[in-house]
Amino acid sequence: AALDVRGQYWLGKRLSLFASIPLVNNYSSADHVTQADIYAMGDPQLMARYVVYNTRYSLDTTGTRHRITLGGGVKLPLGQHHAEQFGEELPPDLQPGTGTWDGLLSAEYLMRSGQWGLSVGMFGRYNGTLPSGFRFGHSGSIQSEIFRTVKIGAVQWLPSIGGYAEYAAKDQLDNTVQEGTGGSVLFSHMGSRLWWRSYGFNIAWQHAMAQDLGDSMIPNRERFIVGISYNINKN
């Protein structure tokens, strides 16, 4: 489980800065015996995003609008990565942080036509290597959804449906591939967003439809995502 505190600041109509600080709970148990249960701050992320293409219409038009945004940044190694529990150091996949500087890339496409819309987002991470020689596999994800805007008085409701996929390459130790790691997962995605004035609330459910994971990876079943937003300055 994880709680992300996020913020985005616009420097103009095209350029914005994004930051997130994750608070994680990494839990593991086998045969009703707890092997790990740690609460801590994870690795923060910093990204710059730039709108490279944007078509604009007046608010009452039914014309089609397109927006493409590209981003790049870094994950900072500020979370614990030598945490111990029950007298032993936790394995890398249960540590709150990775201990490495990682590169981040993102690409987003948004299309609106009348009350309908389509969004596609891609995210990639290039992982660094620990002094011990261990490196998590580079990873990427893509999410696509179709949504509809429904106005109910002063409230805007945006139900959505789509899919989400993740891929991670195999981990390495001293440039040697670690078998049983990495893999891919495909989720179905259903979401709902509510906006009232400057306040936003969203909830999403993702169900694993297909997966091909290494033997040492934990299978996925489903995910629930809940978020609360507030626009300090609404343009």
# chains A, B, ... in the order shown; residues from 1 in each chain; ligands from 1
call {"tool": "select_by_dssp", "arguments": {"residues": "stretch 126-191 of chain A", "states": "strand (DSSP E)", "output": "PyMOL selection string"}}
result
chain A and resi 126+134-135+139-148+150-152+155-168+172-173+176-177+183-191
call {"tool": "residues_around", "arguments": {"residues": "A:Ser192", "least_positions_apart": "6", "cutoff": "7 Å", "atoms": "only C-alpha atoms", "output": "ChimeraX atom specification"}}
result
/A:158-160,202-204
call {"tool": "residues_around", "arguments": {"residues": "stretch 89-102 of chain A", "least_positions_apart": "2", "cutoff": "9 Å", "atoms": "only C-alpha atoms", "output": "JSON, numbers by chain"}}
result
{"A": [23, 24, 25, 26, 27, 28, 35, 36, 37, 38, 39, 40, 41, 42, 43, 73, 74, 75, 76, 77, 78, 79, 80, 81, 82, 83, 84, 85, 86, 87, 104, 125, 126, 127, 128, 129, 130, 134, 135, 136]}
call {"tool": "atom_distance", "arguments": {"atom1": "atom CA of A:Ser229", "atom2": "atom CA of A:Gly200"}}
result
4.7 Å
call {"tool": "residues_around", "arguments": {"residues": "A:Gly162", "least_positions_apart": "3", "cutoff": "9 Å", "atoms": "only C-alpha atoms", "output": "list in words"}}
result
Gln143, Ser144, Glu145, Ile146, Phe147, Phe187, Ser188, His189, Met190 and Gly191 of chain A
